[in-house]
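The next block is upload.csv, given as CSV, C-alpha atoms.
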```
chain,number,residue,atom,x,y,z
A,1,MET,CA,0.0,0.0,0.0
A,2,SER,CA,1.4,3.4,-1.0
A,3,ASP,CA,1.8,6.2,1.5
A,4,PRO,CA,-0.4,9.3,1.2
A,5,ALA,CA,1.1,12.5,-0.2
A,6,ARG,CA,1.0,14.2,3.2
A,7,ARG,CA,-0.2,13.9,6.7
A,8,PRO,CA,-2.0,16.4,9.1
A,9,ARG,CA,0.4,18.8,10.8
A,10,SER,CA,-1.3,18.6,14.2
A,11,PRO,CA,-4.3,17.2,16.1
A,12,GLY,CA,-5.8,20.7,15.7
A,13,GLU,CA,-5.7,20.4,11.9
A,14,LEU,CA,-7.3,16.9,12.2
A,15,PHE,CA,-10.1,18.5,14.3
A,16,ARG,CA,-10.6,21.3,11.7
A,17,VAL,CA,-10.7,19.0,8.7
A,18,PHE,CA,-13.1,16.5,10.4
A,19,ASN,CA,-15.3,19.4,11.5
A,20,ARG,CA,-15.4,20.8,8.0
A,21,LEU,CA,-16.1,17.4,6.7
A,22,ALA,CA,-19.0,16.9,9.2
A,23,LEU,CA,-20.6,20.3,8.3
A,24,GLN,CA,-20.4,19.7,4.6
A,25,GLY,CA,-21.8,16.2,4.6
A,26,PHE,CA,-24.5,16.4,7.3
A,27,GLY,CA,-26.6,13.3,6.9
A,28,GLY,CA,-24.4,11.8,4.2
A,29,VAL,CA,-20.8,12.3,5.2
A,30,LEU,CA,-19.1,9.4,3.4
A,31,PRO,CA,-18.9,11.0,0.0
A,32,VAL,CA,-17.5,14.2,1.6
A,33,ALA,CA,-15.0,12.2,3.6
A,34,GLN,CA,-13.6,10.6,0.4
A,35,ARG,CA,-13.3,14.0,-1.2
A,36,GLU,CA,-11.8,15.7,1.8
A,37,LEU,CA,-9.4,13.0,3.0
A,38,VAL,CA,-8.3,11.7,-0.4
A,39,GLU,CA,-8.7,14.5,-2.9
A,40,ARG,CA,-8.4,17.7,-0.9
A,41,GLU,CA,-6.0,16.9,2.0
A,42,GLY,CA,-4.2,13.9,0.5
A,43,TRP,CA,-4.0,12.2,3.8
A,44,LEU,CA,-5.1,8.8,2.3
A,45,THR,CA,-4.8,7.2,-1.0
A,46,ARG,CA,-8.1,5.9,-2.6
A,47,GLU,CA,-7.0,2.3,-1.7
A,48,GLN,CA,-6.3,3.4,1.9
A,49,PHE,CA,-9.7,5.1,2.1
A,50,VAL,CA,-11.5,1.9,0.9
A,51,GLU,CA,-9.5,-0.3,3.3
A,52,THR,CA,-10.3,2.1,6.2
A,53,LEU,CA,-13.9,2.2,5.2
A,54,SER,CA,-14.0,-1.6,5.0
A,55,ILE,CA,-12.6,-1.9,8.5
A,56,GLY,CA,-15.0,0.8,9.8
A,57,GLN,CA,-18.0,-1.2,8.4
A,58,VAL,CA,-17.0,-4.3,10.2
A,59,LEU,CA,-16.6,-2.6,13.6
A,60,PRO,CA,-19.7,-1.8,15.6
A,61,GLY,CA,-20.9,1.8,15.3
A,62,PRO,CA,-21.2,4.4,12.6
A,63,ASN,CA,-18.7,3.9,9.7
A,64,ILE,CA,-17.5,7.5,9.7
A,65,ILE,CA,-16.9,7.5,13.5
A,66,ASN,CA,-14.9,4.3,13.1
A,67,MET,CA,-12.9,5.8,10.3
A,68,ALA,CA,-12.2,8.9,12.4
A,69,LEU,CA,-11.0,6.7,15.2
A,70,ILE,CA,-8.7,4.8,12.8
A,71,ILE,CA,-7.3,7.9,11.1
A,72,GLY,CA,-6.9,9.8,14.3
A,73,ASP,CA,-5.0,6.9,15.9
A,74,ARG,CA,-2.9,6.4,12.8
A,75,PHE,CA,-1.6,10.0,12.8
A,76,PHE,CA,-1.6,11.1,16.5
A,77,GLY,CA,-2.7,8.2,18.8
A,78,TRP,CA,-5.2,9.0,21.4
A,79,ARG,CA,-4.9,12.8,20.8
A,80,GLY,CA,-5.7,12.2,17.2
A,81,ILE,CA,-8.7,10.1,18.1
A,82,ALA,CA,-10.0,12.8,20.4
A,83,ALA,CA,-9.4,15.5,17.7
A,84,ALA,CA,-11.0,13.6,14.8
A,85,VAL,CA,-14.0,12.3,16.7
A,86,GLY,CA,-14.5,15.7,18.4
A,87,GLY,CA,-14.3,17.5,15.1
A,88,LEU,CA,-16.8,15.1,13.6
A,89,LEU,CA,-19.3,15.4,16.4
A,90,LEU,CA,-19.2,18.8,18.0
A,91,ALA,CA,-20.9,21.1,15.5
A,92,PRO,CA,-23.4,18.5,14.2
A,93,LEU,CA,-24.5,17.8,17.8
A,94,ALA,CA,-25.3,21.4,18.3
A,95,ILE,CA,-27.1,21.6,15.0
A,96,VAL,CA,-29.2,18.4,15.7
A,97,LEU,CA,-30.2,19.7,19.1
A,98,ALA,CA,-31.3,23.0,17.6
A,99,ALA,CA,-33.1,21.3,14.8
A,100,ALA,CA,-34.9,19.0,17.2
A,101,ILE,CA,-36.3,22.0,19.0
A,102,VAL,CA,-37.4,23.6,15.8
A,103,TYR,CA,-38.8,20.4,14.3
A,104,GLY,CA,-40.9,19.9,17.4
A,105,GLN,CA,-42.7,23.1,16.5
A,106,PHE,CA,-43.2,22.5,12.8
A,107,ALA,CA,-43.3,18.7,12.4
A,108,THR,CA,-46.8,18.6,11.0
A,109,HIS,CA,-46.2,21.2,8.4
A,110,PRO,CA,-46.4,19.7,4.8
A,111,MET,CA,-43.3,21.6,3.6
A,112,VAL,CA,-41.2,20.2,6.4
A,113,ALA,CA,-42.3,16.6,5.5
A,114,GLY,CA,-41.5,17.3,1.8
A,115,ALA,CA,-38.1,18.7,2.6
A,116,LEU,CA,-37.3,15.6,4.6
A,117,ARG,CA,-38.3,13.3,1.7
A,118,GLY,CA,-36.1,15.4,-0.6
A,119,MET,CA,-33.1,15.0,1.7
A,120,GLY,CA,-33.5,11.3,1.6
A,121,ALA,CA,-33.2,11.3,-2.2
A,122,VAL,CA,-30.1,13.5,-2.0
A,123,ALA,CA,-28.5,11.1,0.5
A,124,ALA,CA,-29.2,8.1,-1.8
A,125,GLY,CA,-27.6,10.0,-4.7
A,126,LEU,CA,-24.5,10.8,-2.7
A,127,ILE,CA,-24.0,7.1,-1.8
A,128,VAL,CA,-24.4,6.1,-5.5
A,129,ALA,CA,-21.9,8.9,-6.5
A,130,THR,CA,-19.4,7.6,-4.0
A,131,ALA,CA,-19.7,4.0,-5.2
A,132,VAL,CA,-19.1,5.2,-8.8
A,133,LYS,CA,-16.1,7.2,-7.8
A,134,LEU,CA,-14.6,4.4,-5.9
A,135,TRP,CA,-15.3,1.7,-8.6
A,136,PRO,CA,-11.7,1.8,-10.0
A,137,THR,CA,-10.3,0.7,-6.6
A,138,LEU,CA,-12.0,-2.7,-7.2
A,139,ARG,CA,-9.4,-3.4,-9.9
A,140,LYS,CA,-7.0,-4.5,-7.2
A,141,ASN,CA,-9.6,-6.4,-5.2
A,142,PRO,CA,-8.8,-10.2,-5.0
A,143,MET,CA,-12.5,-11.0,-5.5
A,144,GLY,CA,-12.7,-9.0,-8.7
A,145,ARG,CA,-15.2,-6.4,-9.9
A,146,THR,CA,-17.8,-8.8,-11.2
A,147,THR,CA,-18.1,-10.7,-7.9
A,148,CYS,CA,-18.2,-7.5,-5.9
A,149,LEU,CA,-20.9,-6.1,-8.2
A,150,GLY,CA,-22.8,-9.4,-7.9
A,151,PHE,CA,-22.8,-9.1,-4.1
A,152,ALA,CA,-23.9,-5.5,-4.3
A,153,LEU,CA,-26.8,-6.3,-6.7
A,154,LEU,CA,-27.9,-9.3,-4.5
A,155,THR,CA,-27.9,-7.1,-1.5
A,156,ALA,CA,-29.9,-4.4,-3.3
A,157,LEU,CA,-32.4,-7.0,-4.6
A,158,ALA,CA,-32.8,-8.7,-1.2
A,159,VAL,CA,-33.3,-5.4,0.8
A,160,GLY,CA,-34.9,-3.2,-1.8
A,161,GLY,CA,-36.8,-5.6,-4.0
A,162,LEU,CA,-37.7,-8.5,-1.7
A,163,ARG,CA,-37.9,-6.3,1.5
A,164,TRP,CA,-35.9,-8.8,3.6
A,165,PRO,CA,-34.6,-7.4,6.9
A,166,LEU,CA,-31.3,-5.7,6.5
A,167,ALA,CA,-29.8,-7.4,9.5
A,168,TRP,CA,-30.4,-10.9,8.0
A,169,VAL,CA,-29.2,-9.9,4.6
A,170,VAL,CA,-26.0,-8.5,6.0
A,171,LEU,CA,-25.4,-11.6,8.2
A,172,GLY,CA,-26.2,-14.0,5.3
A,173,LEU,CA,-24.6,-12.3,2.3
A,174,GLY,CA,-21.9,-10.8,4.5
A,175,ALA,CA,-20.9,-14.3,5.7
A,176,VAL,CA,-20.9,-15.6,2.1
A,177,SER,CA,-18.9,-12.7,0.8
A,178,MET,CA,-16.4,-12.9,3.6
A,179,ALA,CA,-15.9,-16.7,2.9
A,180,TRP,CA,-15.5,-15.9,-0.8
A,181,ALA,CA,-12.9,-13.1,0.0
A,182,TRP,CA,-11.0,-15.5,2.3
A,183,ARG,CA,-11.0,-18.2,-0.4
A,184,SER,CA,-9.8,-15.6,-3.0
A,185,LEU,CA,-7.0,-14.3,-0.7
A,186,LYS,CA,-5.8,-17.9,-0.1
A,187,ARG,CA,-5.3,-18.4,-3.8
```
Please express the file's structure as structure tokens.
Amino acid sequence: MSDPARRPRSPGELFRVFNRLALQGFGGVLPVAQRELVEREGWLTREQFVETLSIGQVLPGPNIINMALIIGDRFFGWRGIAAAVGGLLLAPLAIVLAAAIVYGQFATHPMVAGALRGMGAVAAGLIVATAVKLWPTLRKNPMGRTTCLGFALLTALAVGGLRWPLAWVVLGLGAVSMAWAWRSLKR
């Protein structure tokens, strides 16, 4: 794995970048994280981003928090962890608390309900855009692009088409895909 072009100068810079990341990607931070950490800051290569995301998805908790923990630890140990997670959570926490208070007053208004539906569509679009942007990294994946795409389509069909519970799909297809990856890596 190649080293990134640069690294953060201090935990304070880590805090600022993760705070900026959180404020830009409120509700759909993964696409913004890729742009900020790989393209803008150059702290991770695309391959490192995908590997960190993969680890973050396996660990319990939100993916982006797990990524902040991993990246913070990588650069500054426990101080980096505190800076990255603090930057990621501080401003959004204040915004969510303020929004909850306002939402309590206007929840039944039709424009508020419509705005929330629109935000859901935007979040889905951001996830698809990130998948398209990261598609080239699958070239180096031992399972191959076709197999990875097959698992993605099976997951979408099971959850979106057949309406199977996400937890069971993740456990079932996740176990099969991990076994497939293990077999591919052994070769």
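Between atom CA of Asp73 of chain A and atom CA of Ser10 of chain A the separation is 12.4 Å.
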Which residue, A:His109, A:Arg16, A:Arg187, A:Lys133, has the smallest gap to Phe49 of chain A when you use all atoms listed in the file?
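That would be A:Lys133, the residue with the smallest distance to Phe49 of chain A.
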Which one of A:Leu88, A:Val50, A:Leu134, A:Val38 sits closest to Pro62 of chain A if you count only C-alpha atoms?
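Smallest distance to Pro62 of chain A is found for A:Leu88.
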Give the answer as one residue: which of A:Leu171, A:Gln34, A:Thr147, A:Ala181 has the shortest atom-to-atom distance to Glu47 of chain A, using all atoms listed in the file?
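Closest to Glu47 of chain A, using all atoms listed in the file: A:Gln34.
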Between atom CA of Met67 of chain A and atom CA of Gly86 of chain A - distance in Å to one decimal
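Taking atom CA of Gly86 of chain A and atom CA of Met67 of chain A, their separation equals 12.9 Å.
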With 7 Å as the cut-off and all atoms listed in the file counted, what is the closest atom pair between each nearby residue of segment 36-134 of chain A and segment 21-31 of chain A? Distances in Å to one decimal, ordered by chain and number, as a tab-separated table.
```
residue	atom	partner	partner_atom	distance
A:Glu36	CA	A:Leu21	CA	6.7
A:Ile64	CA	A:Leu30	CA	6.8
A:Leu88	CA	A:Ala22	CA	5.2
A:Pro92	CA	A:Leu23	CA	6.8
A:Ala123	CA	A:Gly28	CA	5.6
A:Leu126	CA	A:Pro31	CA	6.2
A:Ile127	CA	A:Pro31	CA	6.7
A:Thr130	CA	A:Pro31	CA	5.3
```
In Å to one decimal, how far is atom CA of Arg20 of chain A from atom CA of Val32 of chain A?
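Going from atom CA of Val32 of chain A over to atom CA of Arg20 of chain A covers 9.4 Å.
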Please check which residues have atoms at most 10 Å from (-2.8, 14.2, 1.4) in the file's coordinates, counting all atoms listed in the file, and write them as an mmCIF file with C-alpha atoms, keeping the file's coordinate frame.
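After the write, point-v7.cif holds the following:
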```cif
data_model
loop_
_atom_site.group_PDB
_atom_site.id
_atom_site.type_symbol
_atom_site.label_atom_id
_atom_site.label_comp_id
_atom_site.auth_asym_id
_atom_site.auth_seq_id
_atom_site.Cartn_x
_atom_site.Cartn_y
_atom_site.Cartn_z
ATOM 1 C CA ASP A 3 1.800 6.200 1.500
ATOM 2 C CA PRO A 4 -0.400 9.300 1.200
ATOM 3 C CA ALA A 5 1.100 12.500 -0.200
ATOM 4 C CA ARG A 6 1.000 14.200 3.200
ATOM 5 C CA ARG A 7 -0.200 13.900 6.700
ATOM 6 C CA PRO A 8 -2.000 16.400 9.100
ATOM 7 C CA GLU A 36 -11.800 15.700 1.800
ATOM 8 C CA LEU A 37 -9.400 13.000 3.000
ATOM 9 C CA VAL A 38 -8.300 11.700 -0.400
ATOM 10 C CA GLU A 39 -8.700 14.500 -2.900
ATOM 11 C CA ARG A 40 -8.400 17.700 -0.900
ATOM 12 C CA GLU A 41 -6.000 16.900 2.000
ATOM 13 C CA GLY A 42 -4.200 13.900 0.500
ATOM 14 C CA TRP A 43 -4.000 12.200 3.800
ATOM 15 C CA LEU A 44 -5.100 8.800 2.300
ATOM 16 C CA THR A 45 -4.800 7.200 -1.000
#
```
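Among the candidates A:Glu13, A:Gly174, A:Arg183, A:Gly87, the one nearest to Met143 of chain A when counting all atoms listed in the file is A:Arg183.
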Nearest to Ala82 of chain A among A:Val132, A:Ala115, A:Leu14, A:Leu59, with distances taken over only C-alpha atoms: which residue is it?
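The answer is A:Leu14, which sits nearest to Ala82 of chain A.
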What would segment 125-141 of chain A look like with N, CA and C atoms in place, written as a PDB file, in the frame of the given file?
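rebuild_34.pdb, written as the output of this step:
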```pdb
ATOM      1  N   GLY A 125     -28.459   9.614  -3.587  1.00  0.00           N
ATOM      2  CA  GLY A 125     -27.600  10.000  -4.700  1.00  0.00           C
ATOM      3  C   GLY A 125     -26.166  10.157  -4.349  1.00  0.00           C
ATOM      4  N   LEU A 126     -25.891  10.690  -3.166  1.00  0.00           N
ATOM      5  CA  LEU A 126     -24.500  10.800  -2.700  1.00  0.00           C
ATOM      6  C   LEU A 126     -23.848   9.454  -2.523  1.00  0.00           C
ATOM      7  N   ILE A 127     -24.593   8.495  -2.028  1.00  0.00           N
ATOM      8  CA  ILE A 127     -24.000   7.100  -1.800  1.00  0.00           C
ATOM      9  C   ILE A 127     -23.717   6.517  -3.192  1.00  0.00           C
ATOM     10  N   VAL A 128     -24.614   6.668  -4.153  1.00  0.00           N
ATOM     11  CA  VAL A 128     -24.400   6.100  -5.500  1.00  0.00           C
ATOM     12  C   VAL A 128     -23.148   6.813  -6.124  1.00  0.00           C
ATOM     13  N   ALA A 129     -23.050   8.135  -5.967  1.00  0.00           N
ATOM     14  CA  ALA A 129     -21.900   8.900  -6.500  1.00  0.00           C
ATOM     15  C   ALA A 129     -20.590   8.398  -5.922  1.00  0.00           C
ATOM     16  N   THR A 130     -20.569   8.127  -4.636  1.00  0.00           N
ATOM     17  CA  THR A 130     -19.400   7.600  -4.000  1.00  0.00           C
ATOM     18  C   THR A 130     -19.000   6.244  -4.526  1.00  0.00           C
ATOM     19  N   ALA A 131     -19.984   5.381  -4.700  1.00  0.00           N
ATOM     20  CA  ALA A 131     -19.700   4.000  -5.200  1.00  0.00           C
ATOM     21  C   ALA A 131     -19.123   4.136  -6.638  1.00  0.00           C
ATOM     22  N   VAL A 132     -19.651   5.025  -7.467  1.00  0.00           N
ATOM     23  CA  VAL A 132     -19.100   5.200  -8.800  1.00  0.00           C
ATOM     24  C   VAL A 132     -17.693   5.712  -8.788  1.00  0.00           C
ATOM     25  N   LYS A 133     -17.437   6.655  -7.901  1.00  0.00           N
ATOM     26  CA  LYS A 133     -16.100   7.200  -7.800  1.00  0.00           C
ATOM     27  C   LYS A 133     -15.063   6.236  -7.311  1.00  0.00           C
ATOM     28  N   LEU A 134     -15.485   5.331  -6.429  1.00  0.00           N
ATOM     29  CA  LEU A 134     -14.600   4.400  -5.900  1.00  0.00           C
ATOM     30  C   LEU A 134     -14.486   3.059  -6.671  1.00  0.00           C
ATOM     31  N   TRP A 135     -15.284   2.931  -7.717  1.00  0.00           N
ATOM     32  CA  TRP A 135     -15.300   1.700  -8.600  1.00  0.00           C
ATOM     33  C   TRP A 135     -13.925   1.314  -9.039  1.00  0.00           C
ATOM     34  N   PRO A 136     -13.062   2.255  -9.482  1.00  0.00           N
ATOM     35  CA  PRO A 136     -11.700   1.800 -10.000  1.00  0.00           C
ATOM     36  C   PRO A 136     -10.881   1.102  -8.941  1.00  0.00           C
ATOM     37  N   THR A 137     -11.111   1.325  -7.664  1.00  0.00           N
ATOM     38  CA  THR A 137     -10.300   0.700  -6.600  1.00  0.00           C
ATOM     39  C   THR A 137     -10.550  -0.844  -6.604  1.00  0.00           C
ATOM     40  N   LEU A 138     -11.673  -1.288  -7.159  1.00  0.00           N
ATOM     41  CA  LEU A 138     -12.000  -2.700  -7.200  1.00  0.00           C
ATOM     42  C   LEU A 138     -11.093  -3.494  -8.141  1.00  0.00           C
ATOM     43  N   ARG A 139     -10.360  -2.770  -8.999  1.00  0.00           N
ATOM     44  CA  ARG A 139      -9.400  -3.400  -9.900  1.00  0.00           C
ATOM     45  C   ARG A 139      -8.450  -4.308  -9.157  1.00  0.00           C
ATOM     46  N   LYS A 140      -8.005  -3.831  -7.996  1.00  0.00           N
ATOM     47  CA  LYS A 140      -7.000  -4.500  -7.200  1.00  0.00           C
ATOM     48  C   LYS A 140      -7.622  -5.510  -6.190  1.00  0.00           C
ATOM     49  N   ASN A 141      -8.939  -5.554  -6.126  1.00  0.00           N
ATOM     50  CA  ASN A 141      -9.600  -6.400  -5.200  1.00  0.00           C
ATOM     51  C   ASN A 141      -9.459  -7.876  -5.593  1.00  0.00           C
TER      52      ASN A 141
END
```
